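*Asks:* Dumping the structure here so I can ask a few things about it.
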Amino acid sequence: MSGNGTTAGDDPLQTAVWRLRSRACWVDAAALLTPVTPATALQRASLLVERCLYTEAGWEEAEDALRTAEALADSDDERGAAACERGYLAYAATLFGVRDRADEARAALGRAAALIPPGAAARALLDFRRGLIAENLTRSPQSARAAYHRAHAGATAHADPLLLSGTWRHLAGLALREGELAEARHGFAESLRIREELGYLVGTAPALVSLADTETDPEASRLREEARRLLRLLGGVPTWLSRQLAPPAPGAASA
């Protein structure tokens, strides 16, 4: 989850990048950016890292873009942001079983924390990613919840709606696992609302499925069918959600 889904001042380039990104066209979006400044190199790297999270592919392209961003960074803020992306890429590789890079992910996010001052806009994204590691790699829901709450507060303070949709979603996921159904339903509904308002299509199907997990039929089935429609529209992305929603094979055993 990188960026806030808005285009400051209606910049035509950023508007085009956002539209492509939101429709799962990360490579096309990255091609619009020439990595000659720290900012453009970092944005390009973040797009290609996000692609890895949704497609489980493109690892080498993301690594190359990230090395360029790291080489161009010349301030603490820029080095911290690049370290945050480094940690996120290592987290993704670990999560999807490409290679165990959990130690690298923690170390990179630790470097980012030392470089990005508390209260900075980039700190909210860093807190969110530290929450992901706590939840999915360390298996520490209490630490994850604390990190998500810090990220939620930061995203609210800095008007970052896309990140806010992520914090709502993951806080709701923790609530659902604890049996807090009403809290989970509210969080998933807020996440879905924000993503629909932003036009973040590639993130809308996961939000629909999460909300469906808190509903009963016929609403749950309607939400999942809408998610399947979006998956078909986007060519089966996110790949992990496409597998989750795939119909069982003929003759498959069921419990």
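Lettering and numbering for the structure tokens are positional, with chains as A, B, ... in the shown order, residues counted from 1 in each chain, and ligands counted from 1 in the shown order.
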Skip range 202-210 of chain A itself and residues of its chain fewer than 3 positions away, then list as a VMD selection string all residues within 10 Å of it, counting only C-alpha atoms.
*Replies:* chain A and resid 1 21 to 25 54 162 165 to 166 169 to 170 172 to 173 176 184 to 185 187 to 196 198 to 199 213 to 215 220 to 231 233 to 234 236 to 238 240 to 242 244 to 245
*Asks:* Kindly indicate which residue among A:Ala102, A:Val49, A:Val36, A:Leu125 lies nearest to Gly80 in chain A, using only C-alpha atoms for the distances.
*Replies:*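 The closest residue to Gly80 in chain A is A:Leu125.
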*Asks:* Using only C-alpha atoms, which residues sit within 10 Å of Ala146 in chain A once same-chain residues fewer than 3 positions away are excluded, as number ranges by chain?
*Replies:* A: 127-128, 130-131, 134, 141-143, 149-152, 171
*Asks:* Got time to write the residues from that selection, all heavy atoms, as a short mmCIF file (atom, residue, chain, number, x, y, z; two decimals), in the first residue's frame?
*Replies:*
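Ended up saving to result01.cif:
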```cif
data_model
loop_
_atom_site.label_atom_id
_atom_site.label_comp_id
_atom_site.auth_asym_id
_atom_site.auth_seq_id
_atom_site.Cartn_x
_atom_site.Cartn_y
_atom_site.Cartn_z
N ASP A 127 4.63 2.55 9.60
CA ASP A 127 3.93 1.87 10.70
C ASP A 127 3.01 0.78 10.16
O ASP A 127 2.92 -0.32 10.73
CB ASP A 127 3.11 2.87 11.51
CG ASP A 127 3.98 3.73 12.43
OD1 ASP A 127 5.05 3.26 12.84
OD2 ASP A 127 3.57 4.87 12.73
N PHE A 128 2.33 1.06 9.05
CA PHE A 128 1.45 0.06 8.45
C PHE A 128 2.23 -1.19 8.05
O PHE A 128 1.82 -2.32 8.34
CB PHE A 128 0.74 0.66 7.24
CG PHE A 128 -0.16 -0.31 6.53
CD1 PHE A 128 -1.35 -0.72 7.10
CD2 PHE A 128 0.17 -0.79 5.27
CE1 PHE A 128 -2.19 -1.62 6.44
CE2 PHE A 128 -0.66 -1.68 4.61
CZ PHE A 128 -1.84 -2.09 5.20
N ARG A 130 5.12 -2.20 9.19
CA ARG A 130 5.59 -2.91 10.39
C ARG A 130 4.45 -3.74 10.99
O ARG A 130 4.68 -4.84 11.51
CB ARG A 130 6.14 -1.92 11.41
CG ARG A 130 7.37 -1.17 10.90
CD ARG A 130 7.92 -0.19 11.91
NE ARG A 130 9.04 -0.78 12.65
CZ ARG A 130 9.78 -0.11 13.51
NH1 ARG A 130 9.53 1.16 13.75
NH2 ARG A 130 10.78 -0.70 14.13
N GLY A 131 3.24 -3.25 10.87
CA GLY A 131 2.09 -4.03 11.31
C GLY A 131 1.90 -5.29 10.48
O GLY A 131 1.58 -6.36 11.02
N ALA A 134 4.35 -7.82 11.69
CA ALA A 134 3.94 -8.35 12.99
C ALA A 134 2.78 -9.33 12.84
O ALA A 134 2.75 -10.39 13.49
CB ALA A 134 3.55 -7.21 13.92
N PRO A 141 -0.46 -10.52 16.92
CA PRO A 141 -1.59 -9.63 16.63
C PRO A 141 -1.62 -8.37 17.49
O PRO A 141 -2.07 -7.32 17.02
CB PRO A 141 -2.81 -10.52 16.87
CG PRO A 141 -2.32 -11.66 17.69
CD PRO A 141 -0.90 -11.86 17.33
N GLN A 142 -1.13 -8.45 18.73
CA GLN A 142 -1.14 -7.26 19.57
C GLN A 142 -0.20 -6.19 19.03
O GLN A 142 -0.55 -5.01 18.95
CB GLN A 142 -0.76 -7.62 21.01
CG GLN A 142 -1.83 -8.42 21.74
CD GLN A 142 -1.47 -8.67 23.19
OE1 GLN A 142 -0.29 -8.70 23.55
NE2 GLN A 142 -2.47 -8.86 24.04
N SER A 143 0.99 -6.60 18.62
CA SER A 143 1.94 -5.65 18.03
C SER A 143 1.40 -5.11 16.71
O SER A 143 1.55 -3.93 16.39
CB SER A 143 3.30 -6.33 17.80
OG SER A 143 3.88 -6.71 19.02
N HIS A 149 -2.92 0.97 14.41
CA HIS A 149 -3.54 2.15 15.00
C HIS A 149 -2.68 3.40 14.80
O HIS A 149 -3.19 4.48 14.50
CB HIS A 149 -3.81 1.92 16.49
CG HIS A 149 -5.09 1.21 16.78
ND1 HIS A 149 -6.33 1.70 16.41
CD2 HIS A 149 -5.33 0.02 17.40
CE1 HIS A 149 -7.27 0.85 16.78
NE2 HIS A 149 -6.70 -0.17 17.38
N ARG A 150 -1.36 3.25 14.93
CA ARG A 150 -0.47 4.39 14.67
C ARG A 150 -0.57 4.80 13.20
O ARG A 150 -0.63 6.00 12.88
CB ARG A 150 0.97 4.03 15.02
CG ARG A 150 1.25 3.84 16.50
CD ARG A 150 2.74 3.83 16.79
NE ARG A 150 3.45 2.77 16.10
CZ ARG A 150 3.62 1.53 16.58
NH1 ARG A 150 3.10 1.20 17.75
NH2 ARG A 150 4.30 0.63 15.88
N ALA A 151 -0.59 3.81 12.31
CA ALA A 151 -0.71 4.11 10.88
C ALA A 151 -2.05 4.77 10.57
O ALA A 151 -2.12 5.70 9.76
CB ALA A 151 -0.55 2.83 10.07
N HIS A 152 -3.11 4.31 11.22
CA HIS A 152 -4.45 4.86 11.01
C HIS A 152 -4.49 6.33 11.41
O HIS A 152 -5.02 7.19 10.68
CB HIS A 152 -5.46 4.05 11.83
CG HIS A 152 -6.89 4.30 11.47
ND1 HIS A 152 -7.53 3.65 10.44
CD2 HIS A 152 -7.81 5.14 12.01
CE1 HIS A 152 -8.78 4.06 10.37
NE2 HIS A 152 -8.98 4.97 11.30
N LEU A 171 -7.21 -3.75 10.53
CA LEU A 171 -7.79 -3.72 11.87
C LEU A 171 -9.08 -4.56 11.91
O LEU A 171 -9.33 -5.27 12.89
CB LEU A 171 -8.08 -2.28 12.29
CG LEU A 171 -6.85 -1.46 12.70
CD1 LEU A 171 -7.20 0.02 12.81
CD2 LEU A 171 -6.26 -1.97 14.02
#
```
*Asks:* As a VMD selection string, please: every residue in range 132-226 of chain A that a backbone DSSP assignment puts in alpha helix (DSSP H).
*Replies:* chain A and resid 132 to 136 141 to 157 161 to 177 181 to 198 201 to 212 219 to 226
*Asks:* To one decimal place in Å, what is the distance between CA of Ala121 in chain A and CA of Arg106 in chain A?
*Replies:*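 Going from CA of Ala121 in chain A over to CA of Arg106 in chain A, I get 20.2 Å.
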*Asks:* Have a look at CA of Arg86 in chain A and CA of Arg243 in chain A and let me know their distance in Å, one decimal.
*Replies:*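 If I compute the distance from CA of Arg86 in chain A to CA of Arg243 in chain A, I get 26.9 Å.
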*Asks:* Within 10 Å of Ala81 in chain A, counting only C-alpha atoms, which residues show up once you throw out same-chain ones fewer than 6 positions away? Write them as an mmCIF file with all heavy atoms, in the first residue's frame, please.
*Replies:*
```
data_model
loop_
_atom_site.group_PDB
_atom_site.id
_atom_site.type_symbol
_atom_site.label_atom_id
_atom_site.label_comp_id
_atom_site.auth_asym_id
_atom_site.auth_seq_id
_atom_site.Cartn_x
_atom_site.Cartn_y
_atom_site.Cartn_z
ATOM 1 N N ALA A 39 12.698 11.376 -6.309
ATOM 2 C CA ALA A 39 11.252 11.214 -6.181
ATOM 3 C C ALA A 39 10.679 10.304 -7.263
ATOM 4 O O ALA A 39 9.883 9.400 -6.971
ATOM 5 C CB ALA A 39 10.558 12.576 -6.224
ATOM 6 N N LEU A 42 11.868 6.680 -6.767
ATOM 7 C CA LEU A 42 11.173 6.023 -5.661
ATOM 8 C C LEU A 42 9.750 5.662 -6.048
ATOM 9 O O LEU A 42 9.273 4.565 -5.750
ATOM 10 C CB LEU A 42 11.170 6.922 -4.427
ATOM 11 C CG LEU A 42 10.486 6.317 -3.205
ATOM 12 C CD1 LEU A 42 11.271 5.107 -2.694
ATOM 13 C CD2 LEU A 42 10.347 7.356 -2.101
ATOM 14 N N GLN A 43 9.058 6.572 -6.727
ATOM 15 C CA GLN A 43 7.688 6.280 -7.140
ATOM 16 C C GLN A 43 7.654 5.101 -8.112
ATOM 17 O O GLN A 43 6.784 4.227 -8.017
ATOM 18 C CB GLN A 43 7.040 7.508 -7.782
ATOM 19 C CG GLN A 43 5.570 7.282 -8.106
ATOM 20 C CD GLN A 43 4.912 8.473 -8.754
ATOM 21 O OE1 GLN A 43 5.582 9.435 -9.143
ATOM 22 N NE2 GLN A 43 3.599 8.437 -8.896
ATOM 23 N N SER A 46 8.166 1.952 -6.135
ATOM 24 C CA SER A 46 7.001 1.589 -5.325
ATOM 25 C C SER A 46 5.910 0.953 -6.183
ATOM 26 O O SER A 46 5.219 0.028 -5.747
ATOM 27 C CB SER A 46 6.453 2.811 -4.589
ATOM 28 O OG SER A 46 5.804 3.700 -5.462
ATOM 29 N N ALA A 69 16.537 3.656 -7.025
ATOM 30 C CA ALA A 69 16.017 4.609 -6.043
ATOM 31 C C ALA A 69 16.977 4.764 -4.868
ATOM 32 O O ALA A 69 17.204 5.883 -4.383
ATOM 33 C CB ALA A 69 14.651 4.157 -5.552
ATOM 34 N N GLU A 70 17.555 3.657 -4.416
ATOM 35 C CA GLU A 70 18.513 3.721 -3.309
ATOM 36 C C GLU A 70 19.766 4.499 -3.701
ATOM 37 O O GLU A 70 20.319 5.259 -2.902
ATOM 38 C CB GLU A 70 18.870 2.303 -2.854
ATOM 39 C CG GLU A 70 17.717 1.596 -2.148
ATOM 40 C CD GLU A 70 17.948 0.101 -1.976
ATOM 41 O OE1 GLU A 70 18.731 -0.473 -2.761
ATOM 42 O OE2 GLU A 70 17.328 -0.484 -1.079
ATOM 43 N N ALA A 73 18.927 8.363 -3.802
ATOM 44 C CA ALA A 73 18.508 9.004 -2.553
ATOM 45 C C ALA A 73 19.676 9.760 -1.932
ATOM 46 O O ALA A 73 20.763 9.213 -1.771
ATOM 47 C CB ALA A 73 17.987 7.948 -1.579
ATOM 48 N N SER A 75 18.992 12.286 0.804
ATOM 49 C CA SER A 75 18.593 12.881 2.082
ATOM 50 C C SER A 75 18.074 11.779 2.986
ATOM 51 O O SER A 75 17.763 10.671 2.523
ATOM 52 C CB SER A 75 17.493 13.934 1.867
ATOM 53 O OG SER A 75 16.268 13.308 1.502
ATOM 54 N N GLY A 87 12.062 -2.951 2.622
ATOM 55 C CA GLY A 87 11.439 -3.838 3.599
ATOM 56 C C GLY A 87 10.148 -4.443 3.101
ATOM 57 O O GLY A 87 9.854 -5.624 3.358
ATOM 58 N N LEU A 109 13.033 -2.013 7.536
ATOM 59 C CA LEU A 109 12.046 -1.149 8.165
ATOM 60 C C LEU A 109 12.610 -0.501 9.421
ATOM 61 O O LEU A 109 12.222 0.619 9.783
ATOM 62 C CB LEU A 109 10.771 -1.917 8.475
ATOM 63 C CG LEU A 109 9.994 -2.434 7.254
ATOM 64 C CD1 LEU A 109 8.649 -2.992 7.675
ATOM 65 C CD2 LEU A 109 9.799 -1.361 6.203
ATOM 66 N N ARG A 111 15.766 0.479 9.646
ATOM 67 C CA ARG A 111 16.541 1.602 9.102
ATOM 68 C C ARG A 111 15.615 2.755 8.747
ATOM 69 O O ARG A 111 15.918 3.923 9.002
ATOM 70 C CB ARG A 111 17.315 1.173 7.847
ATOM 71 C CG ARG A 111 18.520 0.304 8.111
ATOM 72 C CD ARG A 111 19.448 0.259 6.911
ATOM 73 N NE ARG A 111 18.802 -0.146 5.664
ATOM 74 C CZ ARG A 111 18.595 -1.390 5.299
ATOM 75 N NH1 ARG A 111 18.982 -2.379 6.092
ATOM 76 N NH2 ARG A 111 18.018 -1.665 4.143
ATOM 77 N N ALA A 112 14.484 2.426 8.154
ATOM 78 C CA ALA A 112 13.529 3.469 7.790
ATOM 79 C C ALA A 112 13.042 4.217 9.025
ATOM 80 O O ALA A 112 12.911 5.447 9.009
ATOM 81 C CB ALA A 112 12.349 2.853 7.042
ATOM 82 N N ALA A 113 12.796 3.487 10.104
ATOM 83 C CA ALA A 113 12.318 4.119 11.335
ATOM 84 C C ALA A 113 13.355 5.077 11.921
ATOM 85 O O ALA A 113 13.007 6.089 12.533
ATOM 86 C CB ALA A 113 11.958 3.043 12.361
ATOM 87 N N LEU A 115 15.367 6.856 10.139
ATOM 88 C CA LEU A 115 15.554 7.972 9.202
ATOM 89 C C LEU A 115 14.310 8.843 9.045
ATOM 90 O O LEU A 115 14.425 10.041 8.765
ATOM 91 C CB LEU A 115 15.963 7.426 7.830
ATOM 92 C CG LEU A 115 17.351 6.782 7.748
ATOM 93 C CD1 LEU A 115 17.477 5.949 6.475
ATOM 94 C CD2 LEU A 115 18.435 7.843 7.809
ATOM 95 N N ILE A 116 13.136 8.256 9.217
ATOM 96 C CA ILE A 116 11.884 8.998 9.032
ATOM 97 C C ILE A 116 11.411 9.499 10.391
ATOM 98 O O ILE A 116 11.126 8.699 11.278
ATOM 99 C CB ILE A 116 10.814 8.107 8.385
ATOM 100 C CG1 ILE A 116 11.281 7.605 7.014
ATOM 101 C CG2 ILE A 116 9.495 8.863 8.244
ATOM 102 C CD1 ILE A 116 10.372 6.558 6.401
ATOM 103 N N ALA A 122 5.403 10.010 5.779
ATOM 104 C CA ALA A 122 5.914 8.683 5.419
ATOM 105 C C ALA A 122 5.916 7.724 6.605
ATOM 106 O O ALA A 122 6.005 6.510 6.419
ATOM 107 C CB ALA A 122 7.315 8.803 4.848
ATOM 108 N N ARG A 123 5.835 8.263 7.819
ATOM 109 C CA ARG A 123 5.866 7.404 9.004
ATOM 110 C C ARG A 123 4.622 6.522 9.087
ATOM 111 O O ARG A 123 4.678 5.389 9.567
ATOM 112 C CB ARG A 123 5.981 8.277 10.256
ATOM 113 C CG ARG A 123 6.260 7.500 11.520
ATOM 114 C CD ARG A 123 7.710 7.113 11.590
ATOM 115 N NE ARG A 123 7.997 6.299 12.764
ATOM 116 C CZ ARG A 123 9.192 6.201 13.343
ATOM 117 N NH1 ARG A 123 10.211 6.882 12.847
ATOM 118 N NH2 ARG A 123 9.388 5.440 14.382
ATOM 119 N N LEU A 125 2.913 5.139 6.617
ATOM 120 C CA LEU A 125 3.104 3.982 5.741
ATOM 121 C C LEU A 125 4.083 2.998 6.363
ATOM 122 O O LEU A 125 3.878 1.775 6.312
ATOM 123 C CB LEU A 125 3.605 4.440 4.376
ATOM 124 C CG LEU A 125 3.821 3.350 3.319
ATOM 125 C CD1 LEU A 125 2.526 2.621 3.020
ATOM 126 C CD2 LEU A 125 4.411 3.956 2.046
ATOM 127 N N LEU A 126 5.141 3.510 6.984
ATOM 128 C CA LEU A 126 6.102 2.644 7.660
ATOM 129 C C LEU A 126 5.438 1.873 8.794
ATOM 130 O O LEU A 126 5.643 0.655 8.932
ATOM 131 C CB LEU A 126 7.256 3.493 8.196
ATOM 132 C CG LEU A 126 8.251 2.785 9.124
ATOM 133 C CD1 LEU A 126 8.938 1.634 8.407
ATOM 134 C CD2 LEU A 126 9.276 3.791 9.653
#
```
*Asks:* Please indicate the distance in Å from CA of Leu53 in chain A to CA of Ala92 in chain A, rounded to one decimal place.
*Replies:*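 Here the two named atoms are 6.0 Å from each other.
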*Asks:* From the set A:Gly58, A:Asp160, A:Leu201, A:Pro35, which residue has the shortest atom-to-atom contact distance to Trp18 in chain A, counting only C-alpha atoms?
*Replies:*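 Of A:Gly58, A:Asp160, A:Leu201, A:Pro35, the one nearest Trp18 in chain A, counting only C-alpha atoms, is A:Leu201.
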*Asks:* Looking at A:Leu137, A:Ala175, A:Tyr148, A:Leu211, which one is nearest to Gly97 in chain A, with distances taken over only C-alpha atoms?
*Replies:*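 For Gly97 in chain A, the nearest of the candidates is A:Leu137.
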